[in-house]
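**Q** File follows, work.txt with compact mmCIF, C-alpha atoms:
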```
# COMPACT_ATOMS: atom_id res chain seq x y z
CA MET A 12 -28.80 13.47 -13.04
CA ARG A 13 -28.34 15.22 -9.73
CA TYR A 14 -25.15 13.24 -9.27
CA ALA A 15 -23.71 14.45 -12.57
CA GLN A 16 -24.59 18.06 -11.74
CA ASP A 17 -22.91 17.84 -8.33
CA THR A 18 -19.82 16.28 -9.83
CA TRP A 19 -19.60 18.90 -12.52
CA ALA A 20 -20.06 21.75 -10.05
CA LEU A 21 -17.20 20.43 -7.92
CA ALA A 22 -14.89 19.83 -10.87
CA ARG A 23 -15.72 23.28 -12.25
CA LYS A 24 -14.85 24.86 -8.91
CA ASP A 25 -11.38 23.29 -8.99
CA LEU A 26 -10.76 24.24 -12.61
CA LEU A 27 -11.88 27.81 -11.99
CA LEU A 28 -9.66 28.09 -8.94
CA GLU A 29 -6.73 26.89 -10.98
CA LEU A 30 -7.57 29.21 -13.84
CA ARG A 31 -7.48 32.18 -11.47
CA ALA A 32 -4.62 31.22 -9.15
CA LYS A 33 -2.47 29.39 -11.74
CA GLU A 34 -0.61 27.45 -9.09
CA THR A 35 -0.60 23.76 -9.89
CA LEU A 36 -0.44 23.51 -13.65
CA PRO A 37 2.57 25.78 -14.31
CA SER A 38 4.56 24.00 -11.60
CA MET A 39 3.66 20.62 -13.09
CA LEU A 40 4.77 21.73 -16.52
CA LEU A 41 8.00 23.18 -15.29
CA PHE A 42 8.65 20.08 -13.24
CA ILE A 43 8.18 17.62 -16.09
CA ILE A 44 10.46 19.57 -18.45
CA ALA A 45 13.07 19.87 -15.69
CA ALA A 46 12.76 16.13 -15.06
CA PHE A 47 13.38 15.41 -18.76
CA THR A 48 16.47 17.57 -18.64
CA VAL A 49 17.77 15.79 -15.54
CA PHE A 50 17.13 12.42 -17.18
CA HIS A 51 19.04 13.45 -20.25
CA PHE A 52 22.15 13.84 -18.12
CA ALA A 53 21.42 10.81 -15.96
CA ILE A 54 21.08 8.28 -18.78
CA PRO A 55 23.97 7.53 -21.14
CA HIS A 56 23.57 8.23 -24.82
CA GLY A 57 22.07 5.63 -27.12
CA THR A 58 20.37 3.47 -24.48
CA GLY A 59 17.45 2.67 -26.74
CA VAL A 60 13.77 3.30 -27.11
CA VAL A 61 12.60 1.23 -24.12
CA ALA A 62 14.90 3.14 -21.77
CA ALA A 63 13.55 6.42 -23.10
CA ARG A 64 10.02 5.17 -22.54
CA GLY A 65 10.99 4.36 -18.98
CA LEU A 66 12.05 7.98 -18.54
CA LEU A 67 8.72 9.20 -19.83
CA TRP A 68 6.84 7.05 -17.34
CA SER A 69 8.86 7.95 -14.30
CA ALA A 70 8.55 11.64 -15.21
CA LEU A 71 4.79 11.24 -15.63
CA VAL A 72 4.29 9.49 -12.31
CA PHE A 73 6.30 12.06 -10.38
CA THR A 74 4.60 14.97 -12.13
CA ALA A 75 1.22 13.48 -11.29
CA LEU A 76 2.39 13.16 -7.70
CA LEU A 77 3.22 16.84 -7.67
CA GLY A 78 -0.28 17.72 -8.88
CA LEU A 79 -1.95 15.31 -6.48
CA THR A 80 -0.12 16.73 -3.48
CA ARG A 81 -1.77 20.06 -4.19
CA ALA A 82 -5.19 18.62 -4.93
CA PHE A 83 -6.66 18.78 -1.44
CA VAL A 84 -4.54 21.52 0.06
CA ALA A 85 -7.14 24.27 -0.40
CA GLU A 86 -9.85 22.12 1.16
CA ARG A 87 -7.77 21.37 4.23
CA GLU A 88 -6.29 24.78 4.79
CA GLN A 89 -9.57 26.60 4.60
CA GLY A 90 -11.66 23.96 6.34
CA MET A 91 -13.65 23.35 3.18
CA PHE A 92 -13.78 19.62 3.78
CA ASP A 93 -16.36 19.90 6.53
CA ALA A 94 -18.55 22.05 4.33
CA LEU A 95 -18.25 19.60 1.44
CA VAL A 96 -19.09 16.67 3.65
CA LEU A 97 -22.12 18.51 5.05
CA ALA A 98 -23.39 19.39 1.57
CA PRO A 99 -26.46 17.40 0.57
CA CYS A 100 -24.77 15.40 -2.14
CA ASP A 101 -23.40 11.90 -2.40
CA ARG A 102 -19.87 11.89 -1.00
CA SER A 103 -18.48 9.88 -3.84
CA ALA A 104 -19.40 12.86 -6.05
CA ILE A 105 -16.67 14.79 -4.22
CA TRP A 106 -14.21 12.13 -5.28
CA LEU A 107 -15.49 12.07 -8.85
CA GLY A 108 -15.37 15.86 -9.17
CA LYS A 109 -11.83 15.99 -7.85
CA THR A 110 -10.79 13.11 -10.09
CA VAL A 111 -12.15 14.92 -13.14
CA ALA A 112 -10.24 18.06 -12.16
CA VAL A 113 -7.01 16.13 -11.60
CA LEU A 114 -7.51 14.38 -14.92
CA CYS A 115 -7.82 17.76 -16.65
CA PHE A 116 -4.59 18.97 -15.04
CA LEU A 117 -2.76 15.81 -16.06
CA ALA A 118 -4.06 16.00 -19.61
CA ALA A 119 -3.08 19.68 -19.86
CA ALA A 120 0.41 18.95 -18.59
CA GLU A 121 0.81 16.06 -21.01
CA VAL A 122 -0.35 18.05 -24.01
CA VAL A 123 2.90 19.95 -23.55
CA ALA A 124 5.04 17.17 -22.09
CA LEU A 125 4.48 14.52 -24.76
CA PRO A 126 5.54 16.68 -27.72
CA ALA A 127 8.49 17.90 -25.64
CA PHE A 128 9.45 14.29 -25.00
CA SER A 129 9.28 13.41 -28.68
CA ILE A 130 11.49 16.39 -29.53
CA PHE A 131 14.03 15.72 -26.78
CA PHE A 132 14.27 11.95 -26.94
CA THR A 133 12.34 9.78 -29.33
CA GLY A 134 9.10 9.87 -31.28
CA LEU A 135 5.85 8.58 -29.82
CA ASP A 136 3.27 6.36 -31.45
CA GLY A 137 -0.47 6.16 -30.93
CA ARG A 138 -0.19 3.17 -28.64
CA THR A 139 1.95 5.06 -26.14
CA VAL A 140 -0.43 8.02 -26.18
CA ALA A 141 -3.34 5.64 -25.54
CA ALA A 142 -1.38 4.08 -22.68
CA VAL A 143 -0.75 7.52 -21.19
CA ALA A 144 -4.45 8.36 -21.41
CA LEU A 145 -5.44 5.10 -19.71
CA ALA A 146 -2.76 5.53 -17.05
CA ASP A 147 -4.04 9.04 -16.31
CA LEU A 148 -7.41 7.59 -15.39
CA GLY A 149 -5.85 5.20 -12.90
CA ILE A 150 -3.50 7.81 -11.47
CA ALA A 151 -6.31 10.33 -10.99
CA ALA A 152 -8.69 7.78 -9.47
CA VAL A 153 -6.27 6.26 -6.97
CA GLY A 154 -4.31 9.44 -6.37
CA THR A 155 -7.38 11.46 -5.44
CA LEU A 156 -8.41 8.96 -2.80
CA PHE A 157 -4.92 8.67 -1.37
CA GLY A 158 -4.51 12.45 -1.53
CA ALA A 159 -7.58 12.83 0.66
CA MET A 160 -6.08 10.32 3.08
CA ALA A 161 -2.69 12.01 3.12
CA VAL A 162 -3.98 15.49 4.01
CA ALA A 163 -5.87 14.13 7.00
CA GLY A 164 -2.65 13.25 8.81
CA ARG A 165 0.07 15.35 10.31
CA ALA A 166 2.69 14.53 7.68
CA ARG A 167 0.56 15.72 4.69
CA GLU A 168 2.83 16.27 1.67
CA LEU A 169 5.28 13.71 2.97
CA MET A 170 2.62 11.04 3.14
CA LEU A 171 1.29 10.91 -0.42
CA PRO A 172 4.41 9.62 -2.23
CA LEU A 173 4.74 6.82 0.32
CA LEU A 174 1.13 5.80 -0.15
CA PHE A 175 0.96 6.30 -3.87
CA LEU A 176 4.23 5.00 -5.33
CA PRO A 177 3.70 1.31 -4.51
CA MET A 178 0.26 1.63 -6.13
CA ALA A 179 1.83 3.25 -9.19
CA ILE A 180 4.19 0.36 -9.93
CA PRO A 181 1.59 -1.62 -11.90
CA ILE A 182 0.80 1.55 -13.87
CA VAL A 183 4.46 1.95 -14.81
CA VAL A 184 4.66 -1.69 -15.85
CA GLY A 185 1.54 -1.36 -17.97
CA GLY A 186 2.83 1.89 -19.43
CA VAL A 187 6.37 0.85 -20.30
CA GLY A 188 5.21 -2.49 -21.68
CA ARG A 189 2.21 -0.76 -23.31
CA TYR A 190 -0.27 -3.34 -22.09
CA LEU A 191 -3.43 -1.38 -22.74
CA TRP A 192 -5.71 -4.16 -21.48
CA PHE A 193 -3.80 -4.26 -18.21
CA LEU A 194 -4.08 -0.50 -17.72
CA ALA A 195 -7.80 -0.67 -18.46
CA LEU A 196 -8.17 -3.49 -15.94
CA TYR A 197 -6.27 -1.49 -13.32
CA ASP A 198 -8.45 1.57 -13.94
CA ALA A 199 -11.65 -0.41 -13.66
CA ILE A 200 -10.71 -2.24 -10.45
CA PHE A 201 -9.24 0.66 -8.53
CA ALA A 202 -11.65 3.34 -9.73
CA LEU A 203 -14.49 1.18 -8.49
CA LEU A 204 -12.78 0.58 -5.16
CA ALA A 205 -11.94 4.27 -4.73
CA TRP A 206 -15.45 5.33 -5.66
CA ALA A 207 -16.95 2.94 -3.14
CA SER A 208 -14.58 3.75 -0.29
CA PHE A 209 -14.15 7.51 -0.58
CA GLU A 210 -16.82 8.41 1.96
CA TYR A 211 -14.96 6.49 4.66
CA VAL A 212 -11.88 8.62 4.08
CA VAL A 213 -13.47 12.05 4.45
CA ALA A 214 -16.09 11.61 7.12
CA GLU A 215 -17.12 9.53 10.05
CA THR A 216 -19.98 7.45 8.79
CA MET B 1305 -1.42 -21.52 25.92
CA LYS B 1306 -2.65 -24.51 23.95
CA LEU B 1307 -1.89 -22.67 20.76
CA ALA B 1308 1.64 -21.89 21.88
CA ALA B 1309 2.20 -25.54 22.79
CA LEU B 1310 0.84 -26.65 19.42
CA THR B 1311 3.11 -24.16 17.66
CA THR B 1312 6.15 -25.42 19.53
CA ALA B 1313 5.30 -29.04 18.74
CA LEU B 1314 4.66 -28.34 15.06
CA PHE B 1315 7.84 -26.30 14.77
CA GLY B 1316 9.89 -29.07 16.32
CA ALA B 1317 8.30 -31.58 13.96
CA ALA B 1318 8.85 -29.27 10.96
CA VAL B 1319 12.52 -28.70 11.75
CA ALA B 1320 13.08 -32.44 12.28
CA LEU B 1321 11.33 -33.26 9.01
CA ILE B 1322 13.19 -30.57 7.09
CA PHE B 1323 16.62 -31.67 8.21
CA PHE B 1324 16.24 -35.44 8.64
CA TYR B 1325 13.27 -36.60 6.57
CA ALA B 1326 13.06 -34.52 3.40
CA PRO B 1327 15.42 -35.79 0.70
CA THR B 1328 18.27 -33.57 -0.42
CA ASP B 1329 17.42 -32.05 -3.76
CA ALA B 1330 19.36 -33.65 -6.59
CA THR B 1331 20.11 -30.46 -8.50
CA LEU B 1332 19.92 -27.69 -5.88
CA GLY B 1333 21.60 -29.57 -3.01
CA PHE B 1334 21.32 -28.98 0.73
CA GLN B 1335 20.49 -25.28 0.49
CA GLN B 1336 17.20 -26.14 -1.19
CA ARG B 1337 15.91 -26.88 2.33
CA ILE B 1338 15.44 -23.17 2.96
CA PHE B 1339 12.49 -23.59 0.61
CA TYR B 1340 10.61 -25.17 3.53
CA PHE B 1341 10.99 -21.95 5.50
CA HIS B 1342 10.81 -19.37 2.75
CA VAL B 1343 7.63 -20.44 0.97
CA PRO B 1344 5.55 -21.16 4.12
CA ILE B 1345 6.58 -17.77 5.53
CA ALA B 1346 5.53 -16.08 2.29
CA LEU B 1347 2.18 -17.88 2.20
CA THR B 1348 1.59 -17.03 5.87
CA SER B 1349 2.29 -13.41 5.08
CA TYR B 1350 -0.43 -13.45 2.41
CA ALA B 1351 -2.73 -15.03 4.96
CA CYS B 1352 -1.96 -12.18 7.40
CA PHE B 1353 -2.73 -9.50 4.83
CA GLY B 1354 -5.89 -11.31 3.81
CA TRP B 1355 -7.00 -11.65 7.42
CA GLY B 1356 -6.22 -7.97 8.03
CA ALA B 1357 -8.32 -6.95 5.04
CA TRP B 1358 -11.17 -9.20 6.18
CA LYS B 1359 -11.11 -7.56 9.61
CA ALA B 1360 -10.97 -4.15 7.93
CA LEU B 1361 -14.10 -5.00 5.98
CA ARG B 1362 -15.71 -6.21 9.22
CA TYR B 1363 -14.83 -2.85 10.78
CA LEU B 1364 -16.42 -0.85 7.97
CA ARG B 1365 -19.53 -3.02 8.27
CA THR B 1366 -19.95 -3.25 12.02
CA ARG B 1367 -17.97 -0.27 13.45
CA ASP B 1368 -16.55 -2.63 16.03
CA GLU B 1369 -13.35 -1.14 17.44
CA ARG B 1370 -11.95 -4.58 18.14
CA ALA B 1371 -12.00 -5.34 14.41
CA ASP B 1372 -9.85 -2.26 13.75
CA LEU B 1373 -7.26 -3.39 16.28
CA GLU B 1374 -7.36 -6.94 14.92
CA SER B 1375 -6.84 -5.68 11.38
CA TYR B 1376 -3.87 -3.61 12.50
CA VAL B 1377 -2.28 -6.49 14.39
CA ALA B 1378 -2.75 -8.90 11.47
CA ILE B 1379 -1.10 -6.45 9.07
CA HIS B 1380 1.68 -5.86 11.55
CA GLN B 1381 2.34 -9.59 11.67
CA GLY B 1382 2.10 -9.70 7.87
CA VAL B 1383 4.83 -7.10 7.56
CA VAL B 1384 7.05 -9.06 9.97
CA PHE B 1385 6.54 -12.24 7.95
CA GLY B 1386 7.02 -10.24 4.76
CA ALA B 1387 10.38 -8.96 5.99
CA LEU B 1388 11.33 -12.56 6.83
CA THR B 1389 10.30 -13.59 3.32
CA LEU B 1390 12.62 -10.98 1.87
CA ILE B 1391 15.48 -12.09 4.11
CA THR B 1392 15.09 -15.83 3.51
CA GLY B 1393 14.57 -15.23 -0.21
CA SER B 1394 17.71 -13.16 -0.30
CA ILE B 1395 19.69 -15.93 1.43
CA TRP B 1396 18.28 -18.47 -1.00
CA ALA B 1397 19.21 -16.31 -3.97
CA LYS B 1398 22.74 -15.98 -2.61
CA ALA B 1399 23.04 -19.75 -2.13
CA SER B 1400 21.57 -20.67 -5.52
CA TRP B 1401 22.66 -17.91 -7.85
CA GLY B 1402 25.42 -16.15 -5.94
CA VAL B 1403 23.58 -12.82 -5.69
CA TRP B 1404 21.75 -11.28 -2.74
CA TRP B 1405 18.93 -9.97 -4.83
CA THR B 1406 17.35 -11.07 -8.08
CA TRP B 1407 14.67 -9.18 -9.94
CA GLY B 1408 13.92 -12.39 -11.79
CA GLU B 1409 12.07 -13.95 -8.88
CA ASP B 1410 8.41 -12.88 -9.02
CA GLU B 1411 7.65 -13.57 -5.44
CA LEU B 1412 10.58 -11.61 -4.05
CA VAL B 1413 9.77 -8.55 -6.15
CA LEU B 1414 6.13 -8.78 -5.17
CA PHE B 1415 7.12 -8.88 -1.51
CA LEU B 1416 9.26 -5.83 -1.96
CA VAL B 1417 6.27 -3.94 -3.40
CA LEU B 1418 3.96 -5.21 -0.66
CA PHE B 1419 6.52 -4.41 2.00
CA LEU B 1420 6.70 -0.82 0.77
CA PHE B 1421 2.93 -0.59 0.56
CA TYR B 1422 2.30 -1.92 4.04
CA CYS B 1423 5.10 0.09 5.64
CA ALA B 1424 3.22 3.14 4.39
CA TYR B 1425 0.17 1.72 6.20
CA PHE B 1426 1.96 2.29 9.50
CA MET B 1427 3.06 5.77 8.46
CA LEU B 1428 -0.53 6.61 7.61
CA ARG B 1429 -1.90 5.12 10.78
CA PHE B 1430 0.54 6.90 13.05
CA SER B 1431 0.15 10.27 11.34
CA VAL B 1432 -3.59 10.40 12.06
CA GLU B 1433 -5.03 10.86 15.52
CA ALA B 1434 -6.67 7.80 17.04
CA GLY B 1435 -10.39 7.59 16.50
CA PRO B 1436 -12.99 6.45 14.01
CA MET B 1437 -11.41 8.42 11.15
CA ARG B 1438 -8.11 6.66 11.58
CA ALA B 1439 -9.79 3.30 11.78
CA GLN B 1440 -11.76 3.97 8.61
CA MET B 1441 -8.73 5.14 6.68
CA SER B 1442 -6.66 2.20 7.80
CA ALA B 1443 -9.47 -0.13 6.78
CA VAL B 1444 -9.75 1.40 3.30
CA TYR B 1445 -6.00 1.19 2.86
CA ALA B 1446 -5.94 -2.45 3.98
CA LEU B 1447 -8.62 -3.25 1.40
CA PHE B 1448 -6.58 -1.56 -1.33
CA GLY B 1449 -3.63 -3.69 -0.26
CA VAL B 1450 -5.40 -6.97 -0.68
CA VAL B 1451 -6.56 -5.96 -4.16
CA LEU B 1452 -3.06 -4.75 -5.01
CA ILE B 1453 -1.57 -8.20 -4.35
CA PRO B 1454 -2.97 -9.95 -7.46
CA VAL B 1455 -2.68 -6.79 -9.60
CA SER B 1456 0.99 -6.39 -8.66
CA PHE B 1457 1.65 -10.05 -9.23
CA LEU B 1458 0.21 -9.79 -12.73
CA ALA B 1459 2.21 -6.62 -13.35
CA ILE B 1460 5.46 -8.25 -12.25
CA ARG B 1461 4.76 -11.25 -14.48
CA LEU B 1462 4.13 -8.89 -17.40
CA SER B 1463 7.22 -6.80 -16.69
CA LYS B 1464 9.40 -9.84 -17.29
CA GLN B 1465 8.48 -9.79 -20.93
CA PHE B 1466 10.49 -6.60 -21.39
CA LEU B 1467 12.89 -6.72 -18.44
CA HIS B 1468 13.97 -10.37 -18.20
CA PRO B 1469 13.55 -12.58 -21.21
CA GLN B 1470 14.54 -15.73 -19.32
CA VAL B 1471 12.29 -17.12 -16.62
CA PHE B 1472 13.49 -18.93 -13.51
CA THR B 1473 11.37 -21.81 -12.32
CA LEU B 1474 10.63 -21.61 -8.64
CA HIS B 1475 10.45 -25.23 -7.54
CA GLY B 1476 12.54 -26.93 -10.16
CA PRO B 1477 11.21 -30.46 -10.58
CA GLN B 1478 7.84 -31.53 -9.24
CA MET B 1479 7.76 -32.10 -5.48
CA ALA B 1480 7.99 -35.67 -4.22
CA HIS B 1481 5.53 -36.92 -1.62
CA SER B 1482 8.02 -36.66 1.23
CA GLN B 1483 8.90 -33.11 0.20
CA PHE B 1484 5.24 -32.13 -0.04
CA PHE B 1485 4.51 -33.58 3.40
CA THR B 1486 7.43 -31.69 4.95
CA PHE B 1487 6.28 -28.52 3.21
CA CYS B 1488 2.74 -28.89 4.57
CA VAL B 1489 3.96 -29.43 8.14
CA ALA B 1490 6.26 -26.41 7.87
CA TRP B 1491 3.40 -24.30 6.56
CA ALA B 1492 1.06 -25.43 9.34
CA ALA B 1493 3.78 -24.53 11.85
CA MET B 1494 4.12 -21.04 10.36
CA LEU B 1495 0.36 -20.48 10.40
CA CYS B 1496 0.23 -21.55 14.04
CA LEU B 1497 3.11 -19.23 14.80
CA PHE B 1498 1.16 -16.39 13.22
CA ALA B 1499 -1.95 -17.26 15.23
CA THR B 1500 0.07 -17.35 18.46
CA LEU B 1501 1.85 -14.07 17.82
CA TYR B 1502 -1.44 -12.51 16.72
CA HIS B 1503 -3.10 -13.41 19.99
CA VAL B 1504 -0.13 -12.35 22.08
CA GLU B 1505 0.12 -8.95 20.38
CA LEU B 1506 -3.63 -8.46 20.51
CA ALA B 1507 -3.69 -9.22 24.23
CA GLY B 1508 -0.79 -6.82 24.78
CA LYS B 1509 -2.49 -4.04 22.83
CA ARG B 1510 -5.75 -4.54 24.68
CA ILE B 1511 -4.05 -4.42 28.06
CA ASP B 1512 -2.26 -1.29 26.89
CA ALA B 1513 -5.50 0.40 25.92
CA HIS B 1514 -7.15 -0.66 29.14
CA LEU B 1515 -4.25 0.66 31.19
CA ARG B 1516 -4.38 3.98 29.36
CA GLU B 1517 -8.08 4.26 30.12
CA LEU B 1518 -7.47 3.56 33.80
CA ARG B 1519 -4.67 6.11 33.93
CA GLU B 1520 -6.85 8.76 32.35
CA LEU B 1521 -9.61 7.98 34.78
CA LEU B 1522 -7.19 8.18 37.67
CA GLY B 1523 -5.71 11.45 36.42
CA ARG B 1524 -9.14 12.97 36.09
CA ARG B 1525 -10.09 11.91 39.61
CA LEU B 1526 -6.92 13.32 41.08
CA ASP B 1527 -7.07 16.62 39.21
CA GLY B 1528 -10.73 17.52 39.59
CA GLY B 1529 -13.21 17.10 42.43
CA PRO B 1530 -12.70 17.42 46.16
CA GLN B 1531 -9.50 15.92 47.51
CA GLY B 1532 -9.76 13.25 50.12
CA ALA B 1533 -12.50 10.69 49.88
CA GLN B 1534 -12.17 10.03 46.12
CA VAL B 1535 -8.40 9.93 46.16
CA SER B 1536 -8.20 7.50 49.01
CA ALA B 1537 -10.50 5.17 47.09
CA LEU B 1538 -7.83 4.68 44.41
CA PRO B 1539 -4.36 3.36 44.96
CA ALA B 1540 -2.01 5.97 43.48
CA PRO B 1541 1.24 6.02 45.47
CA GLU B 1542 3.33 8.07 43.03
CA ARG B 1543 0.75 10.87 42.85
CA SER B 1544 -0.25 11.05 46.53
CA SER B 1545 3.31 11.20 47.77
CA SER B 1546 4.22 14.30 45.74
```
Just dump the structure as structure tokens.
**A**
Amino acid sequence: MRYAQDTWALARKDLLLELRAKETLPSMLLFIIAAFTVFHFAIPHGTGVVAARGLLWSALVFTALLGLTRAFVAEREQGMFDALVLAPCDRSAIWLGKTVAVLCFLAAAEVVALPAFSIFFTGLDGRTVAAVALADLGIAAVGTLFGAMAVAGRARELMLPLLFLPMAIPIVVGGVGRYLWFLALYDAIFALLAWASFEYVVAET
Amino acid sequence: MKLAALTTALFGAAVALIFFYAPTDATLGFQQRIFYFHVPIALTSYACFGWGAWKALRYLRTRDERADLESYVAIHQGVVFGALTLITGSIWAKASWGVWWTWGEDELVLFLVLFLFYCAYFMLRFSVEAGPMRAQMSAVYALFGVVLIPVSFLAIRLSKQFLHPQVFTLHGPQMAHSQFFTFCVAWAAMLCLFATLYHVELAGKRIDAHLRELRELLGRRLDGGPQGAQVSALPAPERSSS
């Protein structure tokens, strides 16, 4: 019970911050629409539904990357990490709270991006939407952990894409092929691993 | 030393077997012999990554700094063998299919993904200052890597269903006994090579660390404290002359 309360408090903090500062979400939205526009000019006309789906997935992964890069910036810049680590709560709750917040951002961006995609390119069916929802879980779970790793180093923003993109390849495969079972498997495996290993990434144990 | 001698002997035996003992493949011809290098190198690379992850787990459990260094060295060797896998696979693809790269070969694509993943390991490691935090992060990342291997393999298999309808078979016909024997010797030689390189690099890194410690100690002695008695106790020609 305590765990759920801690997680919710942390997630709420991030959502409130975003609601007041309005930094991450508008840039994500603008980015994904701009990416669609670029793709329209990059891909020849009439390349088919699968190619269009490929566009959707690369746009989604890069948009998520944009959001994830910002996820831990406030904590690092203002030295909040030390305070969070000192707080009397389980450290994996920090990860879970951040993951929930990232998931909300992703979902909010996609609520706009998916209809835009279906207007610009081709219609979407329920299976693709389900795949996107499952992929979001995996992206948020893995991305939050790797985001925490990336901000610890000197390279920061430069680091996350390098760490995250190889991990995102299975997600893209599962998404383009719409293998829902595979996405669910990915989520389960890596969420568990991230949950178990997060404390080693933020503090000396 | 013994290990290096064993590696040399096994390598000699493997090369002799590959070129003089193993039969020339009926359909693929002489170039099929690169199989005896390519596949053992690839399997050794997996072994390196696995060993690195095992040492990473040991580090998280025991906090032993040696395990961190061992994990790093194993992954370093794994990346070297992985690069060799990509190169030999590319040569094989050129010889068999006339192209330098084929997305149809599961193992090659998997190695590309792993290569990217583990190159980022070094970027991560070198962007964080040395210490327990770096060791912990590297360990977590190494563990993710070893889980990513089967997941990526499955993903690449699945991706063929919508990217490449036709499937290449890796080995062609079943291996004959003589081929299998040659393959096993070649693999043993590669594993021994890994073990030798692993120990050499580990020894080098340890000497490096030791030397750095000594230098720091020396620097501290020369900078602080009364000059004279302490300085003369340590041989430091380049400092004392200036």
**Q** Please identify all residues of chain A having at least one atom at most 10 Å from any atom of chain B, considering only C-alpha atoms, and return them as a PyMOL selection string.
**A** chain A and resi 61+153+156-157+159-167+169-185+187-188+190+193-194+196-197+200-201+204-205+207-216
**Q** Counting only C-alpha atoms, what is within 10 Å of Ile1395 of chain B, bar same-chain residues fewer than 3 positions away, as a ChimeraX atom specification?
**A** /B:1335,1338,1342,1389-1392,1398-1405
**Q** Would you compute the distance between atom CA of Gln1381 of chain B and atom CA of Gln1483 of chain B? Give it in Å to one decimal.
**A**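 It comes out at 27.0 Å.
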**Q** When you draw a straight line from atom CA of His1380 of chain B to atom CA of Leu1310 of chain B, how long is it in Å?
**A**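 If I compute the distance from atom CA of His1380 of chain B to atom CA of Leu1310 of chain B, I get 22.2 Å.
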**Q** Excluding Ser1349 of chain B and any residue of its chain fewer than 5 positions from it, enumerate the residues within 7 Å of it, using only C-alpha atoms, and give them as a ChimeraX atom specification.
**A** /B:1382,1385-1386
**Q** Give me the residues near Ala1318 of chain B as a list in words, where near means some atom within 10 Å (using only C-alpha atoms) and where sequence neighbours in that chain fewer than 6 positions away do not count.
**A**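 Skipping anything fewer than 6 positions along the chain leaves Thr1312, Phe1324, Tyr1325, Tyr1340, Phe1341, Phe1485, Thr1486, Phe1487, Cys1488, Val1489, Ala1490, Trp1491, Ala1492, Ala1493 and Met1494 of chain B.
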**Q** Looking at all atoms listed in the file, which of A:Leu191, A:Thr110, A:Leu145, A:Ala202 is the one that sits closest to Arg23 of chain A?
**A**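 Ranked by minimum distance to Arg23 of chain A, first place goes to A:Thr110.
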**Q** Would you list the residues near (5.8, 24.2, -18.1) (no more than 12 Å away, in the coordinates of the file, using only C-alpha atoms) as number ranges by chain?
**A** A: 33-47, 74, 119-125, 127
